[in-house]
file run_3.tsv (TSV, N, CA and C atoms)
chain	number	residue	atom	x	y	z
A	9	MET	N	-16.41	-3.85	26.26
A	9	MET	CA	-15.15	-3.16	26.02
A	9	MET	C	-14.06	-4.20	25.80
A	10	SER	N	-13.23	-3.99	24.80
A	10	SER	CA	-12.17	-4.94	24.50
A	10	SER	C	-10.86	-4.50	25.13
A	11	ALA	N	-9.93	-5.46	25.21
A	11	ALA	CA	-8.62	-5.17	25.76
A	11	ALA	C	-7.88	-4.20	24.85
A	12	PRO	N	-6.99	-3.40	25.43
A	12	PRO	CA	-6.21	-2.49	24.59
A	12	PRO	C	-5.29	-3.29	23.66
A	13	LEU	N	-4.91	-2.67	22.60
A	13	LEU	CA	-4.03	-3.29	21.62
A	13	LEU	C	-2.64	-3.47	22.25
A	14	ARG	N	-2.11	-4.67	22.12
A	14	ARG	CA	-0.78	-4.99	22.68
A	14	ARG	C	0.31	-4.19	21.96
A	15	ARG	N	1.44	-4.04	22.63
A	15	ARG	CA	2.54	-3.28	22.06
A	15	ARG	C	3.04	-3.88	20.75
A	16	ASP	N	3.15	-5.22	20.69
A	16	ASP	CA	3.63	-5.84	19.45
A	16	ASP	C	2.64	-5.63	18.30
A	17	ALA	N	1.37	-5.63	18.61
A	17	ALA	CA	0.36	-5.35	17.59
A	17	ALA	C	0.42	-3.88	17.15
A	18	LYS	N	0.70	-2.99	18.10
A	18	LYS	CA	0.86	-1.58	17.75
A	18	LYS	C	2.04	-1.38	16.79
A	19	MET	N	3.08	-2.19	16.98
A	19	MET	CA	4.23	-2.11	16.07
A	19	MET	C	3.82	-2.53	14.66
A	20	VAL	N	2.97	-3.54	14.56
A	20	VAL	CA	2.48	-3.97	13.24
A	20	VAL	C	1.66	-2.85	12.62
A	21	VAL	N	0.78	-2.25	13.41
A	21	VAL	CA	-0.04	-1.14	12.92
A	21	VAL	C	0.85	-0.02	12.40
A	22	GLY	N	1.85	0.37	13.18
A	22	GLY	CA	2.75	1.43	12.75
A	22	GLY	C	3.51	1.08	11.48
A	23	ALA	N	4.04	-0.14	11.44
A	23	ALA	CA	4.78	-0.58	10.25
A	23	ALA	C	3.87	-0.59	9.02
A	24	PHE	N	2.64	-1.07	9.20
A	24	PHE	CA	1.71	-1.13	8.07
A	24	PHE	C	1.26	0.26	7.62
A	25	LEU	N	1.08	1.18	8.55
A	25	LEU	CA	0.70	2.54	8.16
A	25	LEU	C	1.81	3.20	7.34
A	26	VAL	N	3.04	3.03	7.77
A	26	VAL	CA	4.17	3.62	7.03
A	26	VAL	C	4.34	2.91	5.69
A	27	SER	N	4.44	1.59	5.73
A	27	SER	CA	4.68	0.83	4.50
A	27	SER	C	3.54	0.98	3.50
A	28	GLY	N	2.32	0.91	3.99
A	28	GLY	CA	1.17	1.06	3.09
A	28	GLY	C	1.15	2.42	2.41
A	29	THR	N	1.52	3.45	3.15
A	29	THR	CA	1.59	4.79	2.57
A	29	THR	C	2.67	4.86	1.50
A	30	VAL	N	3.84	4.29	1.79
A	30	VAL	CA	4.92	4.30	0.81
A	30	VAL	C	4.51	3.51	-0.44
A	31	HIS	N	3.81	2.40	-0.26
A	31	HIS	CA	3.32	1.63	-1.41
A	31	HIS	C	2.50	2.51	-2.35
A	32	LEU	N	1.70	3.39	-1.79
A	32	LEU	CA	0.81	4.22	-2.60
A	32	LEU	C	1.50	5.47	-3.14
A	33	VAL	N	2.40	6.05	-2.37
A	33	VAL	CA	3.03	7.31	-2.76
A	33	VAL	C	4.25	7.09	-3.65
A	34	LYS	N	5.02	6.05	-3.38
A	34	LYS	CA	6.23	5.75	-4.15
A	34	LYS	C	6.30	4.26	-4.47
A	35	PRO	N	5.38	3.77	-5.27
A	35	PRO	CA	5.35	2.32	-5.55
A	35	PRO	C	6.62	1.79	-6.19
A	36	GLU	N	7.37	2.66	-6.85
A	36	GLU	CA	8.61	2.22	-7.50
A	36	GLU	C	9.63	1.67	-6.49
A	37	VAL	N	9.51	2.05	-5.22
A	37	VAL	CA	10.40	1.53	-4.19
A	37	VAL	C	10.29	0.01	-4.10
A	38	TYR	N	9.08	-0.51	-4.33
A	38	TYR	CA	8.83	-1.93	-4.14
A	38	TYR	C	8.99	-2.75	-5.43
A	39	GLU	N	9.13	-2.11	-6.56
A	39	GLU	CA	9.23	-2.85	-7.82
A	39	GLU	C	10.39	-3.84	-7.85
A	40	PRO	N	11.57	-3.51	-7.30
A	40	PRO	CA	12.65	-4.50	-7.33
A	40	PRO	C	12.38	-5.76	-6.50
A	41	LEU	N	11.44	-5.68	-5.58
A	41	LEU	CA	11.11	-6.84	-4.75
A	41	LEU	C	10.22	-7.85	-5.47
A	42	MET	N	9.59	-7.43	-6.52
A	42	MET	CA	8.58	-8.26	-7.16
A	42	MET	C	9.21	-9.42	-7.93
A	43	PRO	N	8.82	-10.65	-7.60
A	43	PRO	CA	9.28	-11.79	-8.38
A	43	PRO	C	8.76	-11.68	-9.82
A	44	SER	N	9.53	-12.16	-10.76
A	44	SER	CA	9.17	-12.02	-12.18
A	44	SER	C	7.86	-12.73	-12.51
A	45	TRP	N	7.50	-13.75	-11.76
A	45	TRP	CA	6.29	-14.51	-12.07
A	45	TRP	C	5.01	-13.82	-11.62
A	46	VAL	N	5.13	-12.74	-10.85
A	46	VAL	CA	3.94	-11.99	-10.41
A	46	VAL	C	3.54	-11.02	-11.52
A	47	PRO	N	2.30	-11.13	-12.01
A	47	PRO	CA	1.85	-10.21	-13.06
A	47	PRO	C	1.50	-8.84	-12.50
A	48	ALA	N	1.44	-7.85	-13.36
A	48	ALA	CA	0.95	-6.51	-13.03
A	48	ALA	C	1.60	-5.96	-11.75
A	49	HIS	N	2.92	-5.83	-11.80
A	49	HIS	CA	3.67	-5.43	-10.60
A	49	HIS	C	3.12	-4.19	-9.92
A	50	ARG	N	2.94	-3.12	-10.65
A	50	ARG	CA	2.49	-1.87	-10.03
A	50	ARG	C	1.12	-2.04	-9.38
A	51	GLU	N	0.22	-2.72	-10.04
A	51	GLU	CA	-1.12	-2.93	-9.49
A	51	GLU	C	-1.07	-3.76	-8.21
A	52	VAL	N	-0.21	-4.77	-8.19
A	52	VAL	CA	-0.06	-5.61	-6.99
A	52	VAL	C	0.54	-4.79	-5.85
A	53	ILE	N	1.50	-3.95	-6.17
A	53	ILE	CA	2.11	-3.09	-5.15
A	53	ILE	C	1.07	-2.14	-4.57
A	54	LEU	N	0.28	-1.52	-5.42
A	54	LEU	CA	-0.76	-0.60	-4.94
A	54	LEU	C	-1.80	-1.34	-4.11
A	55	ALA	N	-2.21	-2.51	-4.58
A	55	ALA	CA	-3.21	-3.30	-3.84
A	55	ALA	C	-2.67	-3.73	-2.48
A	56	SER	N	-1.39	-4.12	-2.43
A	56	SER	CA	-0.83	-4.53	-1.14
A	56	SER	C	-0.72	-3.34	-0.20
A	57	GLY	N	-0.46	-2.15	-0.73
A	57	GLY	CA	-0.45	-0.95	0.11
A	57	GLY	C	-1.81	-0.68	0.70
A	58	VAL	N	-2.84	-0.79	-0.11
A	58	VAL	CA	-4.21	-0.61	0.39
A	58	VAL	C	-4.51	-1.67	1.44
A	59	ALA	N	-4.11	-2.91	1.18
A	59	ALA	CA	-4.36	-4.00	2.14
A	59	ALA	C	-3.66	-3.71	3.47
A	60	GLU	N	-2.43	-3.21	3.42
A	60	GLU	CA	-1.72	-2.89	4.67
A	60	GLU	C	-2.45	-1.79	5.45
A	61	LEU	N	-2.92	-0.77	4.74
A	61	LEU	CA	-3.62	0.32	5.42
A	61	LEU	C	-4.94	-0.17	6.01
A	62	VAL	N	-5.67	-0.99	5.27
A	62	VAL	CA	-6.93	-1.54	5.77
A	62	VAL	C	-6.68	-2.41	7.00
A	63	CYS	N	-5.65	-3.25	6.94
A	63	CYS	CA	-5.32	-4.09	8.10
A	63	CYS	C	-4.94	-3.24	9.31
A	64	ALA	N	-4.14	-2.20	9.09
A	64	ALA	CA	-3.71	-1.34	10.19
A	64	ALA	C	-4.91	-0.69	10.87
A	65	VAL	N	-5.78	-0.10	10.08
A	65	VAL	CA	-6.97	0.55	10.65
A	65	VAL	C	-7.87	-0.49	11.31
A	66	GLY	N	-8.02	-1.63	10.68
A	66	GLY	CA	-8.84	-2.70	11.24
A	66	GLY	C	-8.34	-3.18	12.59
A	67	MET	N	-7.02	-3.24	12.76
A	67	MET	CA	-6.47	-3.68	14.05
A	67	MET	C	-6.69	-2.64	15.14
A	68	LEU	N	-6.85	-1.38	14.75
A	68	LEU	CA	-7.11	-0.33	15.73
A	68	LEU	C	-8.54	-0.35	16.25
A	69	LEU	N	-9.44	-0.92	15.47
A	69	LEU	CA	-10.86	-0.91	15.82
A	69	LEU	C	-11.27	-2.25	16.43
A	70	PRO	N	-11.70	-2.26	17.68
A	70	PRO	CA	-12.04	-3.53	18.34
A	70	PRO	C	-12.99	-4.44	17.55
A	71	PRO	N	-14.04	-3.92	16.89
A	71	PRO	CA	-14.93	-4.84	16.19
A	71	PRO	C	-14.28	-5.59	15.02
A	72	THR	N	-13.22	-5.02	14.44
A	72	THR	CA	-12.58	-5.64	13.29
A	72	THR	C	-11.17	-6.15	13.60
A	73	ARG	N	-10.76	-6.03	14.84
A	73	ARG	CA	-9.39	-6.37	15.22
A	73	ARG	C	-9.03	-7.82	14.92
A	74	ARG	N	-9.91	-8.74	15.22
A	74	ARG	CA	-9.61	-10.16	15.00
A	74	ARG	C	-9.37	-10.45	13.53
A	75	LEU	N	-10.30	-10.07	12.70
A	75	LEU	CA	-10.17	-10.32	11.26
A	75	LEU	C	-8.96	-9.59	10.68
A	76	ALA	N	-8.76	-8.35	11.09
A	76	ALA	CA	-7.64	-7.56	10.57
A	76	ALA	C	-6.30	-8.14	11.01
A	77	GLY	N	-6.22	-8.63	12.24
A	77	GLY	CA	-4.98	-9.24	12.71
A	77	GLY	C	-4.64	-10.50	11.92
A	78	LEU	N	-5.65	-11.32	11.67
A	78	LEU	CA	-5.43	-12.53	10.89
A	78	LEU	C	-5.05	-12.19	9.44
A	79	ALA	N	-5.71	-11.19	8.90
A	79	ALA	CA	-5.40	-10.76	7.52
A	79	ALA	C	-3.99	-10.19	7.45
A	80	ALA	N	-3.59	-9.43	8.47
A	80	ALA	CA	-2.24	-8.86	8.50
A	80	ALA	C	-1.19	-9.96	8.56
A	81	ALA	N	-1.43	-10.99	9.37
A	81	ALA	CA	-0.49	-12.11	9.46
A	81	ALA	C	-0.39	-12.81	8.10
A	82	ALA	N	-1.52	-13.02	7.45
A	82	ALA	CA	-1.51	-13.66	6.12
A	82	ALA	C	-0.76	-12.79	5.11
A	83	LEU	N	-0.96	-11.50	5.17
A	83	LEU	CA	-0.27	-10.58	4.26
A	83	LEU	C	1.24	-10.63	4.48
A	84	LEU	N	1.66	-10.66	5.74
A	84	LEU	CA	3.09	-10.74	6.03
A	84	LEU	C	3.70	-12.03	5.51
A	85	VAL	N	2.98	-13.12	5.65
A	85	VAL	CA	3.46	-14.40	5.11
A	85	VAL	C	3.51	-14.32	3.58
A	86	GLY	N	2.51	-13.69	2.99
A	86	GLY	CA	2.43	-13.59	1.54
A	86	GLY	C	3.54	-12.75	0.92
A	87	VAL	N	4.00	-11.72	1.60
A	87	VAL	CA	5.04	-10.87	1.04
A	87	VAL	C	6.45	-11.35	1.40
A	88	PHE	N	6.55	-12.36	2.24
A	88	PHE	CA	7.86	-12.85	2.65
A	88	PHE	C	8.74	-13.26	1.46
A	89	PRO	N	8.20	-13.92	0.43
A	89	PRO	CA	9.05	-14.24	-0.72
A	89	PRO	C	9.68	-13.01	-1.37
A	90	GLY	N	8.99	-11.89	-1.37
A	90	GLY	CA	9.56	-10.65	-1.89
A	90	GLY	C	10.73	-10.18	-1.05
A	91	ASN	N	10.63	-10.36	0.26
A	91	ASN	CA	11.73	-9.98	1.14
A	91	ASN	C	12.94	-10.90	0.92
A	92	VAL	N	12.67	-12.18	0.69
A	92	VAL	CA	13.76	-13.12	0.40
A	92	VAL	C	14.42	-12.73	-0.92
A	93	LYS	N	13.61	-12.42	-1.93
A	93	LYS	CA	14.15	-12.02	-3.23
A	93	LYS	C	15.04	-10.78	-3.08
A	94	MET	N	14.58	-9.82	-2.28
A	94	MET	CA	15.36	-8.61	-2.08
A	94	MET	C	16.71	-8.95	-1.44
A	95	ALA	N	16.72	-9.86	-0.47
A	95	ALA	CA	17.98	-10.25	0.18
A	95	ALA	C	18.90	-10.98	-0.79
A	96	VAL	N	18.34	-11.85	-1.61
A	96	VAL	CA	19.15	-12.57	-2.61
A	96	VAL	C	19.73	-11.58	-3.61
A	97	ASP	N	18.91	-10.66	-4.10
A	97	ASP	CA	19.40	-9.66	-5.05
A	97	ASP	C	20.48	-8.79	-4.40
A	98	ALA	N	20.29	-8.43	-3.16
A	98	ALA	CA	21.27	-7.58	-2.46
A	98	ALA	C	22.59	-8.31	-2.28
A	99	SER	N	22.55	-9.62	-2.15
A	99	SER	CA	23.79	-10.38	-1.96
A	99	SER	C	24.71	-10.28	-3.17
A	100	ARG	N	24.16	-9.87	-4.31
A	100	ARG	CA	24.93	-9.74	-5.54
A	100	ARG	C	25.51	-8.34	-5.73
A	101	THR	N	25.23	-7.45	-4.78
A	101	THR	CA	25.72	-6.07	-4.88
A	101	THR	C	27.00	-5.91	-4.06
A	102	ARG	N	27.61	-4.76	-4.20
A	102	ARG	CA	28.82	-4.46	-3.42
A	102	ARG	C	28.51	-3.79	-2.10
A	103	SER	N	27.28	-3.38	-1.93
A	103	SER	CA	26.91	-2.62	-0.73
A	103	SER	C	26.73	-3.54	0.47
A	104	THR	N	27.67	-3.49	1.37
A	104	THR	CA	27.59	-4.29	2.59
A	104	THR	C	26.40	-3.85	3.44
A	105	ALA	N	26.16	-2.55	3.50
A	105	ALA	CA	25.04	-2.03	4.29
A	105	ALA	C	23.71	-2.53	3.74
A	106	TRP	N	23.55	-2.55	2.41
A	106	TRP	CA	22.30	-3.03	1.80
A	106	TRP	C	22.13	-4.52	2.06
A	107	LYS	N	23.21	-5.27	1.93
A	107	LYS	CA	23.15	-6.71	2.22
A	107	LYS	C	22.70	-6.94	3.65
A	108	ALA	N	23.32	-6.22	4.58
A	108	ALA	CA	22.99	-6.38	6.00
A	108	ALA	C	21.53	-5.99	6.27
A	109	ALA	N	21.09	-4.90	5.68
A	109	ALA	CA	19.72	-4.44	5.92
A	109	ALA	C	18.69	-5.44	5.40
A	110	THR	N	18.94	-5.98	4.21
A	110	THR	CA	17.96	-6.91	3.65
A	110	THR	C	17.95	-8.24	4.39
A	111	LEU	N	19.10	-8.66	4.87
A	111	LEU	CA	19.14	-9.89	5.67
A	111	LEU	C	18.51	-9.67	7.04
A	112	ALA	N	18.75	-8.51	7.64
A	112	ALA	CA	18.18	-8.21	8.96
A	112	ALA	C	16.66	-8.12	8.90
A	113	ARG	N	16.15	-7.75	7.75
A	113	ARG	CA	14.70	-7.61	7.60
A	113	ARG	C	13.97	-8.96	7.70
A	114	LEU	N	14.62	-10.02	7.29
A	114	LEU	CA	13.96	-11.33	7.25
A	114	LEU	C	13.48	-11.80	8.62
A	115	PRO	N	14.33	-11.84	9.65
A	115	PRO	CA	13.83	-12.31	10.95
A	115	PRO	C	12.85	-11.36	11.62
A	116	VAL	N	12.81	-10.10	11.18
A	116	VAL	CA	11.86	-9.14	11.75
A	116	VAL	C	10.42	-9.54	11.41
A	117	GLN	N	10.26	-10.29	10.33
A	117	GLN	CA	8.92	-10.73	9.92
A	117	GLN	C	8.26	-11.57	11.01
A	118	LEU	N	9.05	-12.39	11.71
A	118	LEU	CA	8.46	-13.29	12.71
A	118	LEU	C	7.77	-12.54	13.85
A	119	PRO	N	8.40	-11.56	14.49
A	119	PRO	CA	7.66	-10.85	15.53
A	119	PRO	C	6.48	-10.04	14.99
A	120	LEU	N	6.58	-9.57	13.74
A	120	LEU	CA	5.44	-8.87	13.16
A	120	LEU	C	4.27	-9.83	12.96
A	121	ILE	N	4.55	-11.02	12.47
A	121	ILE	CA	3.50	-12.03	12.30
A	121	ILE	C	2.89	-12.38	13.66
A	122	ARG	N	3.74	-12.57	14.65
A	122	ARG	CA	3.25	-12.89	16.00
A	122	ARG	C	2.37	-11.76	16.53
A	123	GLY	N	2.80	-10.52	16.34
A	123	GLY	CA	2.00	-9.39	16.80
A	123	GLY	C	0.65	-9.32	16.11
A	124	ALA	N	0.64	-9.58	14.81
A	124	ALA	CA	-0.62	-9.57	14.07
A	124	ALA	C	-1.54	-10.69	14.56
A	125	LEU	N	-0.97	-11.87	14.79
A	125	LEU	CA	-1.79	-12.98	15.29
A	125	LEU	C	-2.33	-12.69	16.70
A	126	ARG	N	-1.53	-12.06	17.52
A	126	ARG	CA	-2.00	-11.71	18.85
A	126	ARG	C	-3.12	-10.69	18.79
A	127	ALA	N	-3.03	-9.77	17.85
A	127	ALA	CA	-4.13	-8.81	17.68
A	127	ALA	C	-5.39	-9.53	17.25
A	128	GLY	N	-5.21	-10.64	16.52
A	128	GLY	CA	-6.35	-11.40	16.04
A	128	GLY	C	-7.00	-12.32	17.06
A	129	ARG	N	-6.45	-12.37	18.26
A	129	ARG	CA	-7.04	-13.24	19.30
A	129	ARG	C	-8.18	-12.58	20.00

call {"tool": "encode", "arguments": {"input": "run_3.tsv", "output": "structure tokens"}}
result
Amino acid sequence: MSAPLRRDAKMVVGAFLVSGTVHLVKPEVYEPLMPSWVPAHREVILASGVAELVCAVGMLLPPTRRLAGLAAAALLVGVFPGNVKMAVDASRTRSTAWKAATLARLPVQLPLIRGALRAGR
């Protein structure tokens, strides 16, 4: 029997379940985040949504928790440039709330990465 999933890892699971679903149901939400050098934006968005859902389910299952946690951490690191791009783009808008939200999102990545890595232990 394995240890129960830690609270920080549960937060990653929850975030990935929500985000992965949105990736698949409303991929256009993520199109502005895509750097211009990434090909096939919609396909990458859909694939990353599937990856988030697979990681989330994998972290819930003890036999796959380690691999899924490591994959989730790698995925979070991989999408970080998109979050930076979103914050840079938001800095050019008039919306103070949007600027604040996109900047606040950046440091949230660190505890999510830590939670995913802890799930992978």

call {"tool": "atom_distance", "arguments": {"input": "run_3.tsv", "atom1": "CA of Pro40 (chain A)", "atom2": "CA of Thr101 (chain A)"}}
result
13.4 Å

call {"tool": "atom_distance", "arguments": {"input": "run_3.tsv", "atom1": "atom C of Thr104 (chain A)", "atom2": "CA of Ala82 (chain A)"}}
result
29.7 Å

call {"tool": "closest_residue", "arguments": {"input": "run_3.tsv", "among": "A:Leu13, A:Val21, A:Leu120, A:Ala55", "to": "Ala81 (chain A)", "atoms": "only N, CA and C atoms"}}
result
A:Leu120

call {"tool": "residues_around", "arguments": {"input": "run_3.tsv", "residues": "Asn91 (chain A)", "least_positions_apart": "5", "cutoff": "8 Å", "atoms": "all atoms listed in the file", "output": "compact mmCIF listing (two decimals) with N, CA and C atoms, keeping the file's coordinate frame"}}
result
# COMPACT_ATOMS: atom_id res chain seq x y z
N LEU A 41 11.44 -5.68 -5.58
CA LEU A 41 11.11 -6.84 -4.75
C LEU A 41 10.22 -7.85 -5.47
N MET A 42 9.59 -7.43 -6.52
CA MET A 42 8.58 -8.26 -7.16
C MET A 42 9.21 -9.42 -7.93
N GLY A 86 2.51 -13.69 2.99
CA GLY A 86 2.43 -13.59 1.54
C GLY A 86 3.54 -12.75 0.92
N VAL A 96 18.34 -11.85 -1.61
CA VAL A 96 19.15 -12.57 -2.61
C VAL A 96 19.73 -11.58 -3.61
N ASP A 97 18.91 -10.66 -4.10
CA ASP A 97 19.40 -9.66 -5.05
C ASP A 97 20.48 -8.79 -4.40
N THR A 110 18.94 -5.98 4.21
CA THR A 110 17.96 -6.91 3.65
C THR A 110 17.95 -8.24 4.39
N LEU A 111 19.10 -8.66 4.87
CA LEU A 111 19.14 -9.89 5.67
C LEU A 111 18.51 -9.67 7.04
N ARG A 113 16.15 -7.75 7.75
CA ARG A 113 14.70 -7.61 7.60
C ARG A 113 13.97 -8.96 7.70
N LEU A 114 14.62 -10.02 7.29
CA LEU A 114 13.96 -11.33 7.25
C LEU A 114 13.48 -11.80 8.62

call {"tool": "axis_aligned_box", "arguments": {"input": "run_3.tsv", "around": "region 29-48 of chain A", "padding_each_side": "6 Å", "output": "lines of an AutoDock Vina configuration file"}}
result
center_x = 6.7
center_y = -3.6
center_z = -5.1
size_x = 23.8
size_y = 33.8
size_z = 28.5

call {"tool": "residues_around", "arguments": {"input": "run_3.tsv", "residues": "Ala76 (chain A)", "least_positions_apart": "6", "cutoff": "8 Å", "atoms": "all atoms listed in the file", "output": "list in words"}}
result
Val62, Cys63, Ala64, Val65, Gly66, Met67, Leu68, Ala82, Ala124, Leu125, Ala127 and Gly128 of chain A

call {"tool": "write_last_selection", "arguments": {"input": "run_3.tsv", "atoms": "N, CA and C atoms", "output": "tab-separated table (two decimals), in the coordinates of the input"}}
result
chain	number	residue	atom	x	y	z
A	62	VAL	N	-5.67	-0.99	5.27
A	62	VAL	CA	-6.93	-1.54	5.77
A	62	VAL	C	-6.68	-2.41	7.00
A	63	CYS	N	-5.65	-3.25	6.94
A	63	CYS	CA	-5.32	-4.09	8.10
A	63	CYS	C	-4.94	-3.24	9.31
A	64	ALA	N	-4.14	-2.20	9.09
A	64	ALA	CA	-3.71	-1.34	10.19
A	64	ALA	C	-4.91	-0.69	10.87
A	65	VAL	N	-5.78	-0.10	10.08
A	65	VAL	CA	-6.97	0.55	10.65
A	65	VAL	C	-7.87	-0.49	11.31
A	66	GLY	N	-8.02	-1.63	10.68
A	66	GLY	CA	-8.84	-2.70	11.24
A	66	GLY	C	-8.34	-3.18	12.59
A	67	MET	N	-7.02	-3.24	12.76
A	67	MET	CA	-6.47	-3.68	14.05
A	67	MET	C	-6.69	-2.64	15.14
A	68	LEU	N	-6.85	-1.38	14.75
A	68	LEU	CA	-7.11	-0.33	15.73
A	68	LEU	C	-8.54	-0.35	16.25
A	82	ALA	N	-1.52	-13.02	7.45
A	82	ALA	CA	-1.51	-13.66	6.12
A	82	ALA	C	-0.76	-12.79	5.11
A	124	ALA	N	0.64	-9.58	14.81
A	124	ALA	CA	-0.62	-9.57	14.07
A	124	ALA	C	-1.54	-10.69	14.56
A	125	LEU	N	-0.97	-11.87	14.79
A	125	LEU	CA	-1.79	-12.98	15.29
A	125	LEU	C	-2.33	-12.69	16.70
A	127	ALA	N	-3.03	-9.77	17.85
A	127	ALA	CA	-4.13	-8.81	17.68
A	127	ALA	C	-5.39	-9.53	17.25
A	128	GLY	N	-5.21	-10.64	16.52
A	128	GLY	CA	-6.35	-11.40	16.04
A	128	GLY	C	-7.00	-12.32	17.06

call {"tool": "atom_distance", "arguments": {"input": "run_3.tsv", "atom1": "atom N of Leu83 (chain A)", "atom2": "atom C of Ser10 (chain A)"}}
result
23.4 Å

call {"tool": "select_by_dssp", "arguments": {"input": "run_3.tsv", "residues": "region 29-100 of chain A", "states": "helix (DSSP H, G or I)", "output": "ChimeraX atom specification"}}
result
/A:29-33,35-37,39-41,49-68,70-98

call {"tool": "residues_around", "arguments": {"input": "run_3.tsv", "residues": "region 29-36 of chain A", "least_positions_apart": "3", "cutoff": "8 Å", "atoms": "only N, CA and C atoms", "output": "PyMOL selection string"}}
result
chain A and resi 23-26+39-41+49-50+53-58+60-61

call {"tool": "build_atoms", "arguments": {"input": "run_3.tsv", "residues": "region 43-49 of chain A", "atoms": "all heavy atoms", "output": "PDB file, keeping the file's coordinate frame"}}
result
ATOM      1  N   PRO A  43       8.820 -10.650  -7.600  1.00  0.00           N
ATOM      2  CA  PRO A  43       9.280 -11.790  -8.380  1.00  0.00           C
ATOM      3  C   PRO A  43       8.760 -11.680  -9.820  1.00  0.00           C
ATOM      4  O   PRO A  43       7.668 -11.152 -10.060  1.00  0.00           O
ATOM      5  CB  PRO A  43       8.658 -12.997  -7.680  1.00  0.00           C
ATOM      6  CG  PRO A  43       8.307 -12.515  -6.306  1.00  0.00           C
ATOM      7  CD  PRO A  43       8.009 -11.050  -6.454  1.00  0.00           C
ATOM      8  N   SER A  44       9.530 -12.160 -10.760  1.00  0.00           N
ATOM      9  CA  SER A  44       9.170 -12.020 -12.180  1.00  0.00           C
ATOM     10  C   SER A  44       7.860 -12.730 -12.510  1.00  0.00           C
ATOM     11  O   SER A  44       7.149 -12.326 -13.431  1.00  0.00           O
ATOM     12  CB  SER A  44      10.286 -12.562 -13.068  1.00  0.00           C
ATOM     13  OG  SER A  44      10.521 -13.925 -12.783  1.00  0.00           O
ATOM     14  N   TRP A  45       7.500 -13.750 -11.760  1.00  0.00           N
ATOM     15  CA  TRP A  45       6.290 -14.510 -12.070  1.00  0.00           C
ATOM     16  C   TRP A  45       5.010 -13.820 -11.620  1.00  0.00           C
ATOM     17  O   TRP A  45       3.917 -14.237 -11.973  1.00  0.00           O
ATOM     18  CB  TRP A  45       6.372 -15.925 -11.482  1.00  0.00           C
ATOM     19  CG  TRP A  45       6.709 -15.973 -10.026  1.00  0.00           C
ATOM     20  CD1 TRP A  45       7.951 -16.118  -9.475  1.00  0.00           C
ATOM     21  CD2 TRP A  45       5.802 -15.863  -8.921  1.00  0.00           C
ATOM     22  NE1 TRP A  45       7.874 -16.100  -8.103  1.00  0.00           N
ATOM     23  CE2 TRP A  45       6.565 -15.954  -7.737  1.00  0.00           C
ATOM     24  CE3 TRP A  45       4.428 -15.710  -8.805  1.00  0.00           C
ATOM     25  CZ2 TRP A  45       5.994 -15.888  -6.470  1.00  0.00           C
ATOM     26  CZ3 TRP A  45       3.858 -15.647  -7.553  1.00  0.00           C
ATOM     27  CH2 TRP A  45       4.639 -15.732  -6.402  1.00  0.00           C
ATOM     28  N   VAL A  46       5.130 -12.740 -10.850  1.00  0.00           N
ATOM     29  CA  VAL A  46       3.940 -11.990 -10.410  1.00  0.00           C
ATOM     30  C   VAL A  46       3.540 -11.020 -11.520  1.00  0.00           C
ATOM     31  O   VAL A  46       4.341 -10.200 -11.954  1.00  0.00           O
ATOM     32  CB  VAL A  46       4.231 -11.213  -9.112  1.00  0.00           C
ATOM     33  CG1 VAL A  46       3.060 -10.320  -8.743  1.00  0.00           C
ATOM     34  CG2 VAL A  46       4.551 -12.172  -7.983  1.00  0.00           C
ATOM     35  N   PRO A  47       2.300 -11.130 -12.010  1.00  0.00           N
ATOM     36  CA  PRO A  47       1.850 -10.210 -13.060  1.00  0.00           C
ATOM     37  C   PRO A  47       1.500  -8.840 -12.500  1.00  0.00           C
ATOM     38  O   PRO A  47       1.274  -8.679 -11.297  1.00  0.00           O
ATOM     39  CB  PRO A  47       0.604 -10.901 -13.609  1.00  0.00           C
ATOM     40  CG  PRO A  47       0.073 -11.678 -12.452  1.00  0.00           C
ATOM     41  CD  PRO A  47       1.279 -12.098 -11.632  1.00  0.00           C
ATOM     42  N   ALA A  48       1.440  -7.850 -13.360  1.00  0.00           N
ATOM     43  CA  ALA A  48       0.950  -6.510 -13.030  1.00  0.00           C
ATOM     44  C   ALA A  48       1.600  -5.960 -11.750  1.00  0.00           C
ATOM     45  O   ALA A  48       0.931  -5.649 -10.772  1.00  0.00           O
ATOM     46  CB  ALA A  48      -0.574  -6.528 -12.901  1.00  0.00           C
ATOM     47  N   HIS A  49       2.920  -5.830 -11.800  1.00  0.00           N
ATOM     48  CA  HIS A  49       3.670  -5.430 -10.600  1.00  0.00           C
ATOM     49  C   HIS A  49       3.120  -4.190  -9.920  1.00  0.00           C
ATOM     50  O   HIS A  49       2.882  -4.196  -8.717  1.00  0.00           O
ATOM     51  CB  HIS A  49       5.144  -5.207 -10.958  1.00  0.00           C
ATOM     52  CG  HIS A  49       5.877  -6.468 -11.226  1.00  0.00           C
ATOM     53  ND1 HIS A  49       7.197  -6.477 -11.569  1.00  0.00           N
ATOM     54  CD2 HIS A  49       5.494  -7.757 -11.214  1.00  0.00           C
ATOM     55  CE1 HIS A  49       7.602  -7.720 -11.744  1.00  0.00           C
ATOM     56  NE2 HIS A  49       6.577  -8.516 -11.546  1.00  0.00           N
TER      57      HIS A  49
END
